[in-house]
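> Coordinates in my_file35.txt, compact mmCIF, C-alpha atoms, are listed below.
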```txt
# COMPACT_ATOMS: atom_id res chain seq x y z
CA MET A 1 16.86 -13.16 -31.06
CA ALA A 2 19.39 -13.28 -28.24
CA VAL A 3 21.71 -16.22 -27.78
CA PRO A 4 20.09 -19.03 -25.74
CA PHE A 5 21.48 -19.62 -22.27
CA ALA A 6 22.10 -23.31 -23.12
CA ASP A 7 22.76 -25.28 -26.29
CA LEU A 8 22.11 -28.86 -27.34
CA GLU A 9 25.46 -30.02 -25.96
CA ASP A 10 24.53 -28.62 -22.53
CA LEU A 11 21.17 -30.39 -22.66
CA VAL A 12 22.80 -33.72 -23.55
CA LYS A 13 25.05 -33.36 -20.47
CA HIS A 14 21.89 -33.13 -18.34
CA TRP A 15 19.97 -35.75 -20.33
CA PRO A 16 22.39 -38.19 -21.98
CA ASP A 17 19.53 -40.38 -23.24
CA LEU A 18 17.98 -37.56 -25.29
CA PRO A 19 16.39 -39.34 -28.27
CA GLY A 20 17.86 -38.35 -31.63
CA GLU A 21 14.45 -37.55 -33.09
CA LEU A 22 13.94 -34.85 -30.43
CA ARG A 23 17.20 -32.99 -30.99
CA GLU A 24 15.80 -30.47 -33.47
CA VAL A 25 12.80 -29.79 -31.25
CA ALA A 26 15.16 -29.51 -28.27
CA GLU A 27 17.11 -26.70 -29.94
CA THR A 28 13.90 -24.76 -30.48
CA LYS A 29 12.80 -25.40 -26.90
CA LEU A 30 16.18 -24.17 -25.59
CA GLU A 31 15.60 -20.88 -27.42
CA GLU A 32 12.01 -20.67 -26.14
CA ALA A 33 13.04 -21.37 -22.54
CA SER A 34 15.69 -18.66 -22.76
CA THR A 35 13.10 -16.23 -24.15
CA ILE A 36 10.71 -17.07 -21.30
CA ILE A 37 13.42 -16.42 -18.71
CA ARG A 38 14.35 -13.11 -20.34
CA GLY A 39 10.66 -12.15 -20.43
CA LEU A 40 10.10 -12.91 -16.75
CA TYR A 41 13.52 -11.68 -15.63
CA PRO A 42 14.44 -8.76 -17.94
CA ASP A 43 17.59 -8.03 -15.94
CA VAL A 44 18.97 -11.58 -16.13
CA ASP A 45 21.66 -10.77 -18.72
CA ALA A 46 22.78 -7.71 -16.77
CA ARG A 47 22.97 -9.72 -13.53
CA ILE A 48 25.09 -12.36 -15.26
CA ARG A 49 27.45 -9.71 -16.66
CA ALA A 50 27.70 -8.03 -13.25
CA GLY A 51 28.51 -11.33 -11.57
CA ARG A 52 25.36 -11.30 -9.41
CA LEU A 53 24.00 -14.42 -11.10
CA ASP A 54 26.03 -17.40 -12.24
CA SER A 55 25.45 -18.24 -15.91
CA ASP A 56 25.64 -21.95 -14.98
CA VAL A 57 22.54 -21.51 -12.82
CA VAL A 58 20.57 -20.12 -15.76
CA LYS A 59 21.93 -22.87 -18.01
CA LEU A 60 20.78 -25.47 -15.48
CA VAL A 61 17.29 -23.97 -15.29
CA VAL A 62 16.94 -23.87 -19.10
CA CYS A 63 18.14 -27.46 -19.47
CA GLN A 64 15.78 -28.70 -16.75
CA MET A 65 12.85 -26.83 -18.30
CA VAL A 66 13.49 -28.37 -21.71
CA ALA A 67 14.25 -31.88 -20.43
CA THR A 68 11.05 -31.91 -18.37
CA THR A 69 8.96 -30.72 -21.30
CA LEU A 70 10.44 -33.17 -23.79
CA GLN A 71 10.13 -36.04 -21.32
CA ARG A 72 6.44 -35.21 -20.88
CA GLU A 73 6.03 -35.22 -24.67
CA LEU A 74 7.71 -38.63 -24.83
CA ASP A 75 5.53 -40.01 -22.05
CA ALA A 76 2.38 -38.74 -23.76
CA SER A 77 3.39 -40.17 -27.14
CA GLU A 78 4.00 -43.55 -25.52
CA GLY A 79 0.50 -43.52 -24.06
CA ASP A 80 1.71 -42.93 -20.52
CA ASP A 81 -0.87 -40.28 -19.75
CA VAL A 82 -2.62 -41.93 -16.80
CA SER A 83 -1.67 -40.08 -13.64
CA GLN A 84 -3.76 -42.05 -11.15
CA GLN A 85 -5.72 -45.31 -11.12
CA SER A 86 -7.83 -47.04 -8.53
CA PHE A 87 -9.74 -50.31 -8.65
CA THR A 88 -12.26 -51.80 -6.24
CA ALA A 89 -13.37 -55.45 -6.46
CA GLY A 90 -16.87 -55.10 -5.18
CA PRO A 91 -19.17 -53.58 -6.23
CA PHE A 92 -16.94 -53.03 -9.27
CA THR A 93 -15.43 -49.55 -9.17
CA GLN A 94 -12.71 -48.37 -11.50
CA SER A 95 -11.27 -44.86 -11.71
CA LEU A 96 -8.63 -43.37 -13.98
CA SER A 97 -7.25 -39.82 -13.97
CA PHE A 98 -5.38 -38.55 -16.99
CA ARG A 99 -2.70 -35.90 -17.02
CA ALA A 100 -2.67 -33.17 -19.62
CA ARG A 101 -0.84 -34.12 -22.81
CA GLU A 102 0.25 -30.54 -23.39
CA ALA A 103 3.95 -30.28 -22.72
CA THR A 104 4.69 -26.61 -22.15
CA LEU A 105 7.79 -24.99 -20.76
CA PHE A 106 7.45 -23.85 -17.17
CA LEU A 107 9.53 -22.69 -14.23
CA THR A 108 9.28 -24.56 -10.96
CA LYS A 109 9.40 -22.87 -7.58
CA LEU A 110 13.05 -23.93 -7.27
CA HIS A 111 13.84 -22.38 -10.66
CA ARG A 112 12.26 -19.09 -9.60
CA GLN A 113 14.29 -19.13 -6.38
CA LEU A 114 17.50 -19.84 -8.28
CA LEU A 115 16.87 -17.03 -10.75
CA GLY A 116 15.75 -14.56 -8.07
CA GLY A 117 15.36 -10.93 -9.05
CA GLY A 118 12.39 -9.33 -10.76
CA GLY A 119 10.55 -12.49 -11.76
CA SER A 120 9.80 -13.74 -8.28
CA ARG A 121 6.46 -12.87 -6.85
CA ASN A 122 5.64 -11.85 -3.32
CA ARG A 123 3.03 -14.43 -2.31
CA LYS A 124 2.30 -13.33 1.23
CA ALA A 125 -1.24 -13.48 2.45
CA PHE A 126 -3.07 -10.26 3.17
CA MET A 127 -6.54 -9.17 4.22
CA ILE A 128 -8.60 -6.19 3.19
CA VAL A 129 -11.07 -4.97 5.79
CA PRO A 130 -13.95 -3.09 4.10
CA GLY A 131 -14.92 0.24 5.60
CA CYS A 132 -11.66 0.95 7.38
```
Do you think you could lay out the structure here as structure tokens?

Amino acid sequence: MAVPFADLEDLVKHWPDLPGELREVAETKLEEASTIIRGLYPDVDARIRAGRLDSDVVKLVVCQMVATTLQRELDASEGDDVSQQSFTAGPFTQSLSFRAREATLFLTKLHRQLLGGGGSRNRKAFMIVPGC
């Protein structure tokens, strides 16, 4: 396995309140996030070596991915899984929406823009006219 783009020390700089019990999981997630980035952007290492992509940008993306995921795991374990609530007094309506407890690693739109290159998708609208 290739060296992760960020280590635990980098993550703690981004998230100083990282709970001690999550540090081992965090190291694994840092490796997984780096693997995801290399899978979606196979040329990322070459672009870093060539100076076309700053390694600090990739480090930032990895740390944000892991911090977001671990924070979602913490929120779910603390029972904070209600994403929306609404109450009505009469005639007695109550509604709760729950967010998914699964805390997976993901890239945001900003992350994809920062990483650029082969992993970004062209999302322009198009139309196919049958019979033409």
> So which one's closest to A:Gly116, A:Pro19, A:Pro42, A:Pro130, A:Pro91? Using all atoms listed in the file, please.
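Under the stated criterion, the closest residue is A:Pro42.
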> Please provide the set of residues having any atom within 12 Å of A:Tyr41, restricted to all atoms listed in the file, with same-chain residues fewer than 3 positions apart removed, written as a list in words.
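With the cut-off at 12 Å, the set is Ala33, Ser34, Thr35, Ile36, Ile37, Arg38, Val44, Asp45, Ala46, Arg47, Ile48, Leu53, Val58, Leu107, His111, Arg112, Gln113, Leu114, Leu115, Gly116, Gly117, Gly118, Gly119, Ser120 and Arg121 of chain A.
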> What's around A:Leu8 at 10 Å? Count all atoms listed in the file, leave out sequence neighbours fewer than 2 positions away in its own chain, and write the answer as a PyMOL selection string.
chain A and resi 6+10-14+18+23-24+26-30+63
> Which residues are close to A:Leu22, i.e. within 10 Å by only C-alpha atoms, leaving aside same-chain residues fewer than 5 positions away? Reply as a tab-separated table (two decimals) with C-alpha atoms, keeping the file's coordinate frame.

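The resulting file, result.tsv, is shown below:
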```tsv
chain	number	residue	atom	x	y	z
A	27	GLU	CA	17.11	-26.70	-29.94
A	70	LEU	CA	10.44	-33.17	-23.79
A	71	GLN	CA	10.13	-36.04	-21.32
A	73	GLU	CA	6.03	-35.22	-24.67
A	74	LEU	CA	7.71	-38.63	-24.83
```
> For atom CA of A:Thr104 and atom CA of A:Asp56, determine how far apart the two atoms are, in Å to one decimal place.
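Calculated distance between atom CA of A:Thr104 and atom CA of A:Asp56 is 22.6 Å.
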> Would you work out the distance separating atom CA of A:Ile128 from atom CA of A:Lys109, expressed in Å to one decimal?
26.8 Å
